[in-house]
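Take a look at the structure below.
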Amino acid sequence: MTVRLGLRANLAQFTLLVAVNALVGGVLGQERTVLPLLAGPVFGLTGYTVLLTYVLAFGLTKAAANYLAGTLSDRYGRKPVLLAGWLIAVPVPALLALAPDWGWIVAANVLLGLSQGLTWSTTVIMKIDLAGPRRRGLAMGLNEAAGYGALAITAAATGYLAARYGLRPAPFLLGAAYVALGLGLTAVCVRETRGHARSESHPATAGLSGWAVFARTSVRDRALSTASQAGLVNNLNDGLAMGLFPVLFVTTGLSVAGAGVLAALYPAVWGAGQLVTGPLSDRWGRKHLITAGMPVQAAALGLTALGSGFGVWAVAMVLLGAGTAMVYPTLLAVVGDVAHPAWRARAVGVYRLWRDSGFAVGAVVSGLAADLWGLRAAVAVVAAPTAASGIAVAIRLPETLSRS
């Protein structure tokens, strides 16, 4: 069968994968608002570092699963890896809803990290396969917009459900529905895309070893290594937001529903913004969007640390979402530009390993800072490496659009 590259030629399958990734994002969104608020009232936790153990567990396992997703996708194909990720997610909503102690919550997030790493990474790889080199930024914008848009909607919905029906179990019923639908769509409707990557690769091109891909993506290639550090810092911010923002908002007087709106606003702008920034990176190039996006995130964190009240924090969340939207799909497009199709899936896995290690780093750094100096100081501490990362991108990252 003849394989054709491009969004138009693969519109039906691409659209299906966008919908599947929306369900992946929704599964993550089920705990975005509610889980940090369970720590004290339900489980009696008092330290922020202990509270953030679930973010640490999620980040470490998701980072490892990202790497495995790339390697396994090259070896066995994309669809089996995607299906495995959904199967791992099956018990997660029940564990979150029924956990008798915090250890169960941490265990649920180990499974959630494994599932998210396999499912989200694989949908990224599959969309890069289908899109071909010309519309890679648009493809990544659509993928990430779907995932984080669904995350935002779910965060707001679970905040409403928690305010109306209690913190458990109602908010986690959404997650159970998402898992069932994602598993069914993947099993029945998703098709393998590894052949598209092979059609883009010159048959005489030799593949690289796994270690060579890891070294090139992590250190040796300027573009790939710079993208990896920027991705790590970006998700360091998200680890902070995931674990501490709802607590900060509620402990300063906002309602659970209000905290849910703010927790949703940041990923909502992030998700919708990628519909603009992804295609813009195909026209304007990658570097300047990333260089501008990191300082915008740093400014948003500074405003969150210094400000108070729903209005000020809403502005901060919009800025944080906008800065993240400038960076997120563009970094993935950089990896797609530079990595050869013969080892691209593994390069995506390595990049996402480093990027999602940021969740773990963010959990440790922000948890310790919050316990030592308070919640606002923890937010301010994270703003500093975000600004520094933008400077590093400006110095080290070459423009990669022409490479594709």
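Ordering of the structure tokens sets the chain letters (A, B, ...); residue numbers start at 1 within each chain; ligands are numbered from 1 in the order shown.
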Backbone-only DSSP, helix (DSSP H, G or I) members of segment 155-266 of chain A, as a PyMOL selection string | chain A and resi 155-165+170-188+194-200+210-220+222-251+256-266
Quick one: everything within 9 Å of Leu303 of chain A, counting only C-alpha atoms, minus sequence neighbours fewer than 5 positions away in the same chain. Send it as a count of residues only.
-> 7
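Of the listed residues (A:Thr291, A:Asn235, A:Ser73, A:Thr386), A:Asn235 comes nearest to Ser357 of chain A; the distances count only C-alpha atoms.
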For Leu56 of chain A, list every protein, DNA or RNA residue within 12 Å, evaluated using only C-alpha atoms, and leave out those in the same chain fewer than 3 positions away; present the list as an NGL selection string.
-> :A and (49-53 or 59-63 or 105-107 or 109-110 or 112-113 or 235-236 or 238-240 or 242-243 or 356-367)
Could you pull the residues within 10 Å of Arg194 of chain A, counting only C-alpha atoms, minus those fewer than 5 positions along the same chain, as a ChimeraX atom specification?
-> /A:73-79,125-126,129-130,199,341,345
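Comparing A:Ser281, A:Thr122, A:Thr46, A:Gln13 by their smallest distance to Ala370 of chain A, the closest is A:Thr46 (using only C-alpha atoms).
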Each residue of segment 3-30 of chain A lying at most 9 Å from segment 131-141 of chain A should get a row with its shortest atom-to-atom pair and the distance in Å to one decimal, counting only C-alpha atoms; could you produce that, ordered by chain and increasing number, as JSON lines?
{"residue": "A:Arg4", "atom": "CA", "partner": "A:Gly132", "partner_atom": "CA", "distance": 9.0}
{"residue": "A:Leu5", "atom": "CA", "partner": "A:Gly132", "partner_atom": "CA", "distance": 5.2}
{"residue": "A:Gly6", "atom": "CA", "partner": "A:Ala131", "partner_atom": "CA", "distance": 4.3}
{"residue": "A:Leu7", "atom": "CA", "partner": "A:Ala131", "partner_atom": "CA", "distance": 5.0}
{"residue": "A:Arg8", "atom": "CA", "partner": "A:Ala131", "partner_atom": "CA", "distance": 8.5}
{"residue": "A:Ala9", "atom": "CA", "partner": "A:Ala131", "partner_atom": "CA", "distance": 8.8}
{"residue": "A:Asn10", "atom": "CA", "partner": "A:Ala131", "partner_atom": "CA", "distance": 7.8}
{"residue": "A:Phe14", "atom": "CA", "partner": "A:Ala131", "partner_atom": "CA", "distance": 8.3}
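Residues in contact with Leu174 of chain A at 8 Å, where only C-alpha atoms are counted and same-chain residues fewer than 3 positions away are skipped, are listed as A:Val27, A:Gln30, A:Thr154, A:Ala170, A:Pro171, A:Ala177, A:Tyr178.
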What are the nearest atom pairs, with distances in Å to one decimal, for all residues of segment 272-308 of chain A that come at most 10 Å from segment 325-335 of chain A, using only C-alpha atoms, set out by chain and rising residue number as JSON lines?
{"residue": "A:Ala272", "atom": "CA", "partner": "A:Ala325", "partner_atom": "CA", "distance": 8.0}
{"residue": "A:Gly273", "atom": "CA", "partner": "A:Ala325", "partner_atom": "CA", "distance": 5.3}
{"residue": "A:Gln274", "atom": "CA", "partner": "A:Ala325", "partner_atom": "CA", "distance": 5.0}
{"residue": "A:Leu275", "atom": "CA", "partner": "A:Ala325", "partner_atom": "CA", "distance": 8.7}
{"residue": "A:Val276", "atom": "CA", "partner": "A:Ala325", "partner_atom": "CA", "distance": 8.6}
{"residue": "A:Thr277", "atom": "CA", "partner": "A:Met326", "partner_atom": "CA", "distance": 5.6}
{"residue": "A:Gly278", "atom": "CA", "partner": "A:Pro329", "partner_atom": "CA", "distance": 5.8}
{"residue": "A:Pro279", "atom": "CA", "partner": "A:Thr330", "partner_atom": "CA", "distance": 9.2}
{"residue": "A:Leu280", "atom": "CA", "partner": "A:Thr330", "partner_atom": "CA", "distance": 9.2}
{"residue": "A:Ser281", "atom": "CA", "partner": "A:Thr330", "partner_atom": "CA", "distance": 6.4}
{"residue": "A:Asp282", "atom": "CA", "partner": "A:Ala333", "partner_atom": "CA", "distance": 8.7}
{"residue": "A:Gly285", "atom": "CA", "partner": "A:Thr330", "partner_atom": "CA", "distance": 8.8}
{"residue": "A:Arg286", "atom": "CA", "partner": "A:Thr330", "partner_atom": "CA", "distance": 5.8}
{"residue": "A:Lys287", "atom": "CA", "partner": "A:Thr330", "partner_atom": "CA", "distance": 8.2}
{"residue": "A:His288", "atom": "CA", "partner": "A:Met326", "partner_atom": "CA", "distance": 9.1}
{"residue": "A:Leu289", "atom": "CA", "partner": "A:Met326", "partner_atom": "CA", "distance": 5.4}
{"residue": "A:Ile290", "atom": "CA", "partner": "A:Val327", "partner_atom": "CA", "distance": 4.7}
{"residue": "A:Thr291", "atom": "CA", "partner": "A:Val327", "partner_atom": "CA", "distance": 8.1}
{"residue": "A:Ala292", "atom": "CA", "partner": "A:Met326", "partner_atom": "CA", "distance": 7.6}
{"residue": "A:Gly293", "atom": "CA", "partner": "A:Met326", "partner_atom": "CA", "distance": 5.1}
{"residue": "A:Met294", "atom": "CA", "partner": "A:Val327", "partner_atom": "CA", "distance": 7.2}
{"residue": "A:Val296", "atom": "CA", "partner": "A:Met326", "partner_atom": "CA", "distance": 9.3}
{"residue": "A:Gln297", "atom": "CA", "partner": "A:Val327", "partner_atom": "CA", "distance": 9.7}
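Using only C-alpha atoms, the nearest neighbour of Ala369 of chain A within the list A:Val256, A:Leu167, A:Ala268, A:Leu244 is A:Leu244.
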Using only C-alpha atoms, tabulate the residues of segment 149-216 of chain A lying at most 12 Å from any atom of segment 17-20 of chain A, each with its closest atom pair and that distance in Å to one decimal, by chain and increasing residue number, as a tab-separated table.
residue	atom	partner	partner_atom	distance
A:Gly149	CA	A:Ala19	CA	11.1
A:Ala150	CA	A:Ala19	CA	9.6
A:Tyr178	CA	A:Val20	CA	9.4
A:Val179	CA	A:Val20	CA	10.0
A:Ala180	CA	A:Val20	CA	11.3
A:Leu181	CA	A:Val20	CA	8.6
A:Gly182	CA	A:Val20	CA	5.9
A:Leu183	CA	A:Val20	CA	8.9
A:Gly184	CA	A:Val20	CA	10.0
A:Leu185	CA	A:Val20	CA	7.4
A:Thr186	CA	A:Val20	CA	7.5
A:Ala187	CA	A:Val20	CA	11.3
A:Cys189	CA	A:Leu17	CA	9.6
A:Val190	CA	A:Leu17	CA	7.4
A:Arg191	CA	A:Leu17	CA	9.6
A:Glu192	CA	A:Leu17	CA	11.2
A:Thr193	CA	A:Leu17	CA	11.0
Next, the residues of the selection above should be written as an mmCIF file, in the first residue's frame with C-alpha atoms.
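The resulting file, selection_2.cif, is reproduced below:
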data_model
loop_
_atom_site.group_PDB
_atom_site.id
_atom_site.type_symbol
_atom_site.label_atom_id
_atom_site.label_comp_id
_atom_site.auth_asym_id
_atom_site.auth_seq_id
_atom_site.Cartn_x
_atom_site.Cartn_y
_atom_site.Cartn_z
ATOM 1 C CA GLY A 149 -7.490 21.862 26.464
ATOM 2 C CA ALA A 150 -9.110 18.690 27.770
ATOM 3 C CA TYR A 178 -12.020 8.937 29.640
ATOM 4 C CA VAL A 179 -10.002 5.753 30.142
ATOM 5 C CA ALA A 180 -12.808 3.526 28.862
ATOM 6 C CA LEU A 181 -13.341 5.663 25.766
ATOM 7 C CA GLY A 182 -9.618 6.028 25.008
ATOM 8 C CA LEU A 183 -9.005 2.312 25.331
ATOM 9 C CA GLY A 184 -11.916 1.487 23.042
ATOM 10 C CA LEU A 185 -10.966 3.996 20.336
ATOM 11 C CA THR A 186 -7.346 2.853 20.333
ATOM 12 C CA ALA A 187 -8.205 -0.836 20.110
ATOM 13 C CA CYS A 189 -9.984 2.616 15.284
ATOM 14 C CA VAL A 190 -6.317 3.667 15.554
ATOM 15 C CA ARG A 191 -4.004 2.440 12.777
ATOM 16 C CA GLU A 192 -0.252 1.873 12.820
ATOM 17 C CA THR A 193 1.869 4.781 11.503
#
Would you please work out which residue, of A:Phe245, A:Gln229, A:Leu68, A:Ser255, is nearest to Arg164 of chain A when using only C-alpha atoms?
-> A:Ser255
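What separates atom CA of Arg168 of chain A from atom CA of Pro100 of chain A is a distance of 11.7 Å.
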